[in-house]
Structure formats: C-alpha cells, structure tokens
>>> print(open('start37.cif').read())   # mmCIF, C-alpha atoms
data_query
#
loop_
_atom_site.group_PDB
_atom_site.id
_atom_site.type_symbol
_atom_site.label_atom_id
_atom_site.label_comp_id
_atom_site.auth_asym_id
_atom_site.auth_seq_id
_atom_site.Cartn_x
_atom_site.Cartn_y
_atom_site.Cartn_z
ATOM 1 C CA MET A 1 -81.568 -36.421 -27.604
ATOM 2 C CA PRO A 2 -84.506 -35.201 -25.492
ATOM 3 C CA THR A 3 -87.688 -37.244 -25.307
ATOM 4 C CA LEU A 4 -90.371 -36.622 -27.901
ATOM 5 C CA PHE A 5 -93.021 -36.077 -25.242
ATOM 6 C CA PRO A 6 -93.651 -32.678 -23.654
ATOM 7 C CA LEU A 7 -92.022 -32.173 -20.277
ATOM 8 C CA SER A 8 -94.362 -32.893 -17.416
ATOM 9 C CA PRO A 9 -95.024 -29.937 -15.100
ATOM 10 C CA GLN A 10 -94.586 -32.390 -12.190
ATOM 11 C CA MET A 11 -90.948 -33.022 -13.171
ATOM 12 C CA SER A 12 -88.375 -31.503 -10.849
ATOM 13 C CA TYR A 13 -85.791 -29.039 -12.124
ATOM 14 C CA HIS A 14 -83.150 -31.798 -12.141
ATOM 15 C CA GLU A 15 -85.424 -34.225 -13.997
ATOM 16 C CA ARG A 16 -86.177 -31.571 -16.645
ATOM 17 C CA ARG A 17 -82.432 -30.791 -16.933
ATOM 18 C CA ALA A 18 -81.560 -34.485 -17.269
ATOM 19 C CA ASP A 19 -84.257 -34.908 -19.920
ATOM 20 C CA SER A 20 -83.110 -31.832 -21.863
ATOM 21 C CA ILE A 21 -79.578 -33.216 -22.224
ATOM 22 C CA GLY A 22 -80.883 -36.617 -23.221
ATOM 23 C CA PHE A 23 -80.028 -38.500 -20.022
ATOM 24 C CA PHE A 24 -83.193 -40.601 -20.148
ATOM 25 C CA SER A 25 -83.017 -41.383 -23.862
ATOM 26 C CA ASN A 26 -79.455 -42.714 -24.200
ATOM 27 C CA GLY A 27 -79.276 -45.265 -21.422
ATOM 28 C CA GLY A 28 -77.793 -42.833 -18.922
ATOM 29 C CA ALA A 29 -74.551 -42.191 -20.785
ATOM 30 C CA GLU A 30 -73.489 -38.588 -20.540
ATOM 31 C CA PRO A 31 -70.210 -36.713 -20.336
ATOM 32 C CA MET A 32 -68.347 -37.132 -17.054
ATOM 33 C CA GLY A 33 -68.390 -34.424 -14.449
ATOM 34 C CA ARG A 34 -65.699 -31.764 -14.302
ATOM 35 C CA LEU A 35 -63.388 -33.571 -11.856
ATOM 36 C CA GLY A 36 -63.662 -36.863 -13.752
ATOM 37 C CA GLN A 37 -62.691 -35.101 -16.970
ATOM 38 C CA GLN A 38 -59.784 -33.301 -15.286
ATOM 39 C CA LEU A 39 -58.365 -36.597 -14.025
ATOM 40 C CA VAL A 40 -58.089 -38.000 -17.559
ATOM 41 C CA ARG A 41 -57.619 -34.686 -19.404
ATOM 42 C CA ASP A 42 -54.050 -35.259 -20.569
ATOM 43 C CA ASP A 43 -54.825 -38.660 -22.040
ATOM 44 C CA ARG A 44 -58.453 -38.205 -23.049
ATOM 45 C CA LYS A 45 -57.929 -37.825 -26.814
ATOM 46 C CA ALA A 46 -55.697 -40.911 -27.061
ATOM 47 C CA LEU A 47 -58.062 -42.814 -24.790
ATOM 48 C CA ILE A 48 -61.082 -41.968 -26.949
ATOM 49 C CA GLU A 49 -59.148 -43.070 -30.053
ATOM 50 C CA ALA A 50 -58.268 -46.413 -28.427
ATOM 51 C CA LEU A 51 -61.865 -46.939 -27.305
ATOM 52 C CA THR A 52 -63.110 -46.034 -30.782
ATOM 53 C CA ARG A 53 -60.810 -48.641 -32.333
ATOM 54 C CA ALA A 54 -62.158 -51.278 -29.942
ATOM 55 C CA TYR A 55 -65.721 -50.084 -30.657
ATOM 56 C CA ALA A 56 -65.201 -50.486 -34.417
ATOM 57 C CA ASP A 57 -63.629 -53.923 -33.903
ATOM 58 C CA GLU A 58 -66.625 -55.069 -31.858
ATOM 59 C CA TRP A 59 -69.028 -53.958 -34.606
ATOM 60 C CA TYR A 60 -67.019 -55.972 -37.123
ATOM 61 C CA ALA A 61 -66.983 -58.955 -34.759
ATOM 62 C CA HIS A 62 -70.763 -58.668 -34.355
ATOM 63 C CA TYR A 63 -71.309 -58.723 -38.109
ATOM 64 C CA ASN A 64 -68.656 -61.329 -38.947
ATOM 65 C CA TYR A 65 -69.781 -63.792 -36.272
ATOM 66 C CA PHE A 66 -73.410 -63.336 -37.320
ATOM 67 C CA PHE A 67 -72.514 -63.845 -40.991
ATOM 68 C CA VAL A 68 -70.539 -67.021 -40.280
ATOM 69 C CA SER A 69 -73.318 -68.365 -38.047
ATOM 70 C CA LYS A 70 -75.762 -68.081 -40.956
ATOM 71 C CA THR A 71 -73.544 -69.360 -43.777
ATOM 72 C CA ILE A 72 -71.592 -72.346 -42.426
ATOM 73 C CA SER A 73 -72.888 -75.792 -43.255
ATOM 74 C CA GLY A 74 -72.064 -79.352 -42.361
ATOM 75 C CA PRO A 75 -72.850 -81.867 -39.626
ATOM 76 C CA ASP A 76 -71.489 -79.725 -36.770
ATOM 77 C CA SER A 77 -72.828 -76.429 -38.081
ATOM 78 C CA PRO A 78 -75.957 -76.132 -35.861
ATOM 79 C CA ALA A 79 -73.931 -76.273 -32.629
ATOM 80 C CA VAL A 80 -71.187 -73.992 -33.968
ATOM 81 C CA SER A 81 -73.788 -71.587 -35.365
ATOM 82 C CA GLN A 82 -75.378 -71.287 -31.929
ATOM 83 C CA VAL A 83 -72.012 -70.444 -30.335
ATOM 84 C CA LEU A 84 -71.320 -67.820 -33.007
ATOM 85 C CA ARG A 85 -74.753 -66.204 -32.620
ATOM 86 C CA ARG A 86 -74.093 -65.862 -28.898
ATOM 87 C CA LYS A 87 -70.665 -64.355 -29.621
ATOM 88 C CA SER A 88 -72.247 -61.965 -32.140
ATOM 89 C CA ASP A 89 -74.761 -60.784 -29.540
ATOM 90 C CA ARG A 90 -71.984 -60.371 -26.982
ATOM 91 C CA ALA A 91 -69.899 -58.260 -29.411
ATOM 92 C CA LEU A 92 -72.855 -55.904 -29.893
ATOM 93 C CA ILE A 93 -73.162 -55.518 -26.117
ATOM 94 C CA HIS A 94 -69.431 -54.742 -25.970
ATOM 95 C CA ALA A 95 -69.861 -52.069 -28.661
ATOM 96 C CA GLU A 96 -72.680 -50.500 -26.667
ATOM 97 C CA ARG A 97 -70.608 -50.382 -23.477
ATOM 98 C CA LEU A 98 -67.639 -48.900 -25.326
ATOM 99 C CA ALA A 99 -69.908 -46.269 -26.905
ATOM 100 C CA GLU A 100 -71.186 -45.286 -23.470
ATOM 101 C CA ARG A 101 -67.625 -44.859 -22.208
ATOM 102 C CA ILE A 102 -66.627 -42.832 -25.278
ATOM 103 C CA ILE A 103 -69.575 -40.502 -24.634
ATOM 104 C CA ALA A 104 -68.716 -40.245 -20.931
ATOM 105 C CA LEU A 105 -65.212 -39.098 -21.883
ATOM 106 C CA GLY A 106 -66.661 -36.371 -24.111
ATOM 107 C CA GLY A 107 -66.283 -38.166 -27.447
ATOM 108 C CA ALA A 108 -68.809 -39.625 -29.859
ATOM 109 C CA PRO A 109 -69.077 -43.098 -31.399
ATOM 110 C CA VAL A 110 -68.462 -43.502 -35.130
ATOM 111 C CA PRO A 111 -71.605 -41.991 -36.722
ATOM 112 C CA LYS A 112 -71.778 -44.122 -39.881
ATOM 113 C CA LEU A 113 -71.252 -47.846 -40.324
ATOM 114 C CA THR A 114 -69.360 -47.104 -43.522
ATOM 115 C CA ASP A 115 -66.788 -45.166 -41.471
ATOM 116 C CA LEU A 116 -65.994 -48.045 -39.105
ATOM 117 C CA SER A 117 -63.215 -49.319 -41.365
ATOM 118 C CA LYS A 118 -61.242 -46.101 -40.783
ATOM 119 C CA ASP A 119 -61.060 -46.778 -37.050
ATOM 120 C CA ALA A 120 -60.961 -50.581 -36.857
ATOM 121 C CA THR A 121 -57.810 -52.629 -36.388
ATOM 122 C CA ASP A 122 -56.292 -53.092 -39.834
ATOM 123 C CA LYS A 123 -56.622 -56.870 -39.975
ATOM 124 C CA PRO A 124 -58.961 -58.727 -42.343
ATOM 125 C CA PHE A 125 -61.401 -61.390 -41.157
ATOM 126 C CA LYS A 126 -60.185 -64.234 -43.372
ATOM 127 C CA LEU A 127 -62.897 -66.804 -44.018
ATOM 128 C CA PRO A 128 -62.318 -70.029 -45.923
ATOM 129 C CA ASP A 129 -63.758 -70.230 -49.439
ATOM 130 C CA ASN A 130 -65.673 -73.402 -48.583
ATOM 131 C CA VAL A 131 -68.605 -72.828 -46.190
ATOM 132 C CA ARG A 132 -68.329 -76.463 -45.077
ATOM 133 C CA ASP A 133 -64.853 -75.765 -43.680
ATOM 134 C CA ILE A 134 -66.025 -75.184 -40.124
ATOM 135 C CA ASP A 135 -62.505 -75.444 -38.722
ATOM 136 C CA GLY A 136 -61.363 -72.722 -41.123
ATOM 137 C CA ALA A 137 -64.237 -70.468 -40.029
ATOM 138 C CA LEU A 138 -63.460 -71.121 -36.372
ATOM 139 C CA LYS A 139 -59.808 -70.255 -36.953
ATOM 140 C CA ALA A 140 -60.887 -66.889 -38.380
ATOM 141 C CA VAL A 141 -63.045 -66.304 -35.293
ATOM 142 C CA LEU A 142 -60.157 -67.378 -33.068
ATOM 143 C CA ASP A 143 -57.871 -64.886 -34.780
ATOM 144 C CA ALA A 144 -60.432 -62.136 -34.112
ATOM 145 C CA GLU A 145 -60.619 -63.148 -30.438
ATOM 146 C CA ARG A 146 -56.838 -62.923 -30.198
ATOM 147 C CA THR A 147 -56.957 -59.438 -31.711
ATOM 148 C CA SER A 148 -59.425 -58.496 -28.957
ATOM 149 C CA ILE A 149 -57.099 -59.927 -26.312
ATOM 150 C CA ARG A 150 -54.242 -57.775 -27.587
ATOM 151 C CA THR A 151 -56.472 -54.685 -27.908
ATOM 152 C CA TYR A 152 -57.921 -54.841 -24.399
ATOM 153 C CA ARG A 153 -54.624 -55.779 -22.757
ATOM 154 C CA ALA A 154 -52.906 -52.797 -24.410
ATOM 155 C CA LEU A 155 -55.791 -50.502 -23.437
ATOM 156 C CA SER A 156 -55.695 -51.686 -19.833
ATOM 157 C CA GLU A 157 -51.941 -51.124 -19.587
ATOM 158 C CA LYS A 158 -52.156 -47.728 -21.297
ATOM 159 C CA ILE A 159 -54.597 -46.322 -18.764
ATOM 160 C CA ARG A 160 -53.323 -48.013 -15.611
ATOM 161 C CA GLU A 161 -53.700 -45.581 -12.676
ATOM 162 C CA LYS A 162 -55.129 -42.895 -14.998
ATOM 163 C CA ASP A 163 -58.775 -43.859 -15.520
ATOM 164 C CA SER A 164 -60.054 -46.586 -13.208
ATOM 165 C CA VAL A 165 -63.491 -46.767 -14.840
ATOM 166 C CA THR A 166 -62.138 -47.373 -18.345
ATOM 167 C CA GLN A 167 -59.513 -49.750 -17.001
ATOM 168 C CA ALA A 168 -62.186 -51.830 -15.250
ATOM 169 C CA LEU A 169 -64.101 -52.042 -18.544
ATOM 170 C CA ALA A 170 -60.949 -52.987 -20.475
ATOM 171 C CA VAL A 171 -60.048 -55.693 -17.940
ATOM 172 C CA GLU A 172 -63.557 -57.144 -18.098
ATOM 173 C CA LEU A 173 -63.552 -57.215 -21.913
ATOM 174 C CA PHE A 174 -60.025 -58.678 -21.864
ATOM 175 C CA ARG A 175 -61.236 -61.486 -19.589
ATOM 176 C CA GLU A 176 -64.168 -62.220 -21.900
ATOM 177 C CA ALA A 177 -61.842 -62.312 -24.932
ATOM 178 C CA VAL A 178 -59.549 -64.788 -23.145
ATOM 179 C CA GLU A 179 -62.564 -66.966 -22.340
ATOM 180 C CA GLY A 180 -63.672 -66.654 -25.973
ATOM 181 C CA GLU A 181 -60.272 -67.825 -27.188
ATOM 182 C CA GLU A 182 -60.439 -70.845 -24.860
ATOM 183 C CA GLU A 183 -63.951 -71.694 -26.074
ATOM 184 C CA ILE A 184 -62.957 -71.644 -29.751
ATOM 185 C CA GLU A 185 -59.804 -73.660 -29.063
ATOM 186 C CA ARG A 186 -61.989 -76.284 -27.345
ATOM 187 C CA LEU A 187 -64.262 -76.419 -30.398
ATOM 188 C CA LEU A 188 -61.213 -76.863 -32.626
ATOM 189 C CA GLY A 189 -59.851 -79.550 -30.320
ATOM 190 C CA GLU A 190 -56.388 -78.002 -30.054
ATOM 191 C CA PRO A 191 -54.702 -74.598 -29.877
ATOM 192 C CA ALA A 192 -54.475 -73.115 -33.360
ATOM 193 C CA PRO A 193 -51.597 -71.004 -34.663
ATOM 194 C CA GLU A 194 -52.310 -67.366 -35.388
ATOM 195 C CA MET A 195 -53.436 -66.546 -38.906
ATOM 196 C CA ASP A 196 -51.488 -64.036 -40.950
ATOM 197 C CA GLY A 197 -54.579 -62.313 -42.347
ATOM 198 C CA ARG A 198 -53.668 -63.044 -45.947
#
>>> encode(input="start37.cif", output="structure tokens")
Amino acid sequence: MPTLFPLSPQMSYHERRADSIGFFSNGGAEPMGRLGQQLVRDDRKALIEALTRAYADEWYAHYNYFFVSKTISGPDSPAVSQVLRRKSDRALIHAERLAERIIALGGAPVPKLTDLSKDATDKPFKLPDNVRDIDGALKAVLDAERTSIRTYRALSEKIREKDSVTQALAVELFREAVEGEEEIERLLGEPAPEMDGR
C-alpha cells in the first residue's frame, strides 16, 4: 500500500516506483523478480500452501501461548508465564517472516483471522481443565512445538535444491522449534510423550 503522504518531487524515479508498489510501507516484502519466480515456478503454488499452513500455525501458537501465560496459576506460574510470553512474541515474529516470504513468492497471507483455521494444521491445542495444572499446560505447548518441528522439517525437505531462500527460513524455524522443545522438556523435568489431541 503506498504511503499516505504525497510523493516528494526530490524522490528519484526508482524511489517513486518503490513507493507506488508499497515497498516502503510493508517492510520491504515484495514479489520476487522474474528469474527468482521462474526458479520456483513449478512448485510455487504448493510452496505457498505449505508456508500458509505454517503461517496459520504460528498465529495460533502466538495466541495460545499468550492465553496460557495469562491464565495459569500456581507457585511456578510467574516463571512459566514469562517463558510463554517470550514464546508468544517469537511465534508472532515467525508469522511475520512467513508472511513476507509468501508475498515474495507472489501469494498473500490469510486476510482474516477467522479464516486461519482453514489453513492451520488440523490438531487442537489441548489445555487441561485446571489452570493450576502447569505441567498439563506445558505438555500442550510441547505438543505444539513438536508440530512445528514436523512442519518445518517437511517444508525444508520439500524444497531442498528448489528454493534456497525458503529453505534457509524453514531450517532456521526448525532449529528454533527444536530448541523450544528442549526448553519445555527441561521445564517439565523429563521428555513427555506426544499428546493425541483428544
């Protein structure tokens, strides 16, 4: 979206062109150049779908971690809440980076929050009924981290040698998800089995 201010007469042609396509107002994300798009052309639609799924998952992680951080109670809740707030913030940053990559590939992020469920991984975030059950809440977070590990590993393997930029992003987010799993397992004191989502 172009800026709301009139274009300055001192702006160069390229600056005016960049402003008219919204380069300055969306953090620099814009569709890739012609060669970049040709290199991923055959797989672009599937790649955008995979990135959109990860984008929707990160939005859910952002909300779920934030919600848990505000609702858990008990003696250990302040420390756990702080960890979850940090994880919530990190998930939002991940969503932003995924959105930028989706745009660069010629796609668009999900326009409405209410539509995220159509694109997200079909796995519920299962919280315990008792807000004092911190271990139960952490196990739900751990399950979400493991979903991220699977998502980013699959994405990285899918695009190997096809799109180096997206693969680098997927590998970085995979690494962060692995570190997140380790952090939650440390808080729990032992590796936890995967939840079945029921």
>>> resolve_selection(input="start37.cif", expression="the PyMOL selection byres ((chain A and resi 117-125) around 9)", output="list of chain:residue names")
A:Glu49, A:Thr52, A:Arg53, A:Ala54, A:Tyr55, A:Ala56, A:Asp57, A:Glu58, A:Tyr60, A:Ala61, A:Asn64, A:Val110, A:Leu113, A:Thr114, A:Asp115, A:Leu116, A:Lys126, A:Leu127, A:Ala140, A:Val141, A:Asp143, A:Ala144, A:Thr147, A:Thr151, A:Asp196, A:Gly197, A:Arg198
>>> atom_distance(input="start37.cif", atom1="atom CA of Gln82 of chain A", atom2="atom CA of Tyr65 of chain A")
10.3 Å
>>> closest_residue(input="start37.cif", among="A:Ala95, A:Ala177, A:Val68, A:Ala50", to="Asp133 of chain A", atoms="only C-alpha atoms")
A:Val68
>>> residues_around(input="start37.cif", residues="segment 182-188 of chain A", least_positions_apart="6", cutoff="9 Å", atoms="all atoms listed in the file", output="list of chain:residue names")
A:Val80, A:Asp135, A:Leu138, A:Lys139, A:Val141, A:Leu142, A:Glu145
>>> write_last_selection(input="start37.cif", atoms="C-alpha atoms", output="short mmCIF file (atom, residue, chain, number, x, y, z; two decimals), keeping the file's coordinate frame")
data_model
loop_
_atom_site.label_atom_id
_atom_site.label_comp_id
_atom_site.auth_asym_id
_atom_site.auth_seq_id
_atom_site.Cartn_x
_atom_site.Cartn_y
_atom_site.Cartn_z
CA VAL A 80 -71.19 -73.99 -33.97
CA ASP A 135 -62.50 -75.44 -38.72
CA LEU A 138 -63.46 -71.12 -36.37
CA LYS A 139 -59.81 -70.26 -36.95
CA VAL A 141 -63.04 -66.30 -35.29
CA LEU A 142 -60.16 -67.38 -33.07
CA GLU A 145 -60.62 -63.15 -30.44
#
>>> closest_residue(input="start37.cif", among="A:Asp163, A:Asp129, A:His62, A:Lys158", to="Asp89 of chain A", atoms="only C-alpha atoms")
A:His62
>>> atom_distance(input="start37.cif", atom1="atom CA of Arg175 of chain A", atom2="atom CA of Lys162 of chain A")
20.1 Å
>>> atom_distance(input="start37.cif", atom1="atom CA of Ile93 of chain A", atom2="atom CA of Phe66 of chain A")
13.7 Å
>>> closest_residue(input="start37.cif", among="A:Arg160, A:Arg44, A:Lys70, A:Arg153", to="Gly106 of chain A", atoms="all atoms listed in the file")
A:Arg44
>>> closest_residue(input="start37.cif", among="A:Leu155, A:Val83, A:Leu47, A:Ile72", to="Gly180 of chain A", atoms="all atoms listed in the file")
A:Val83
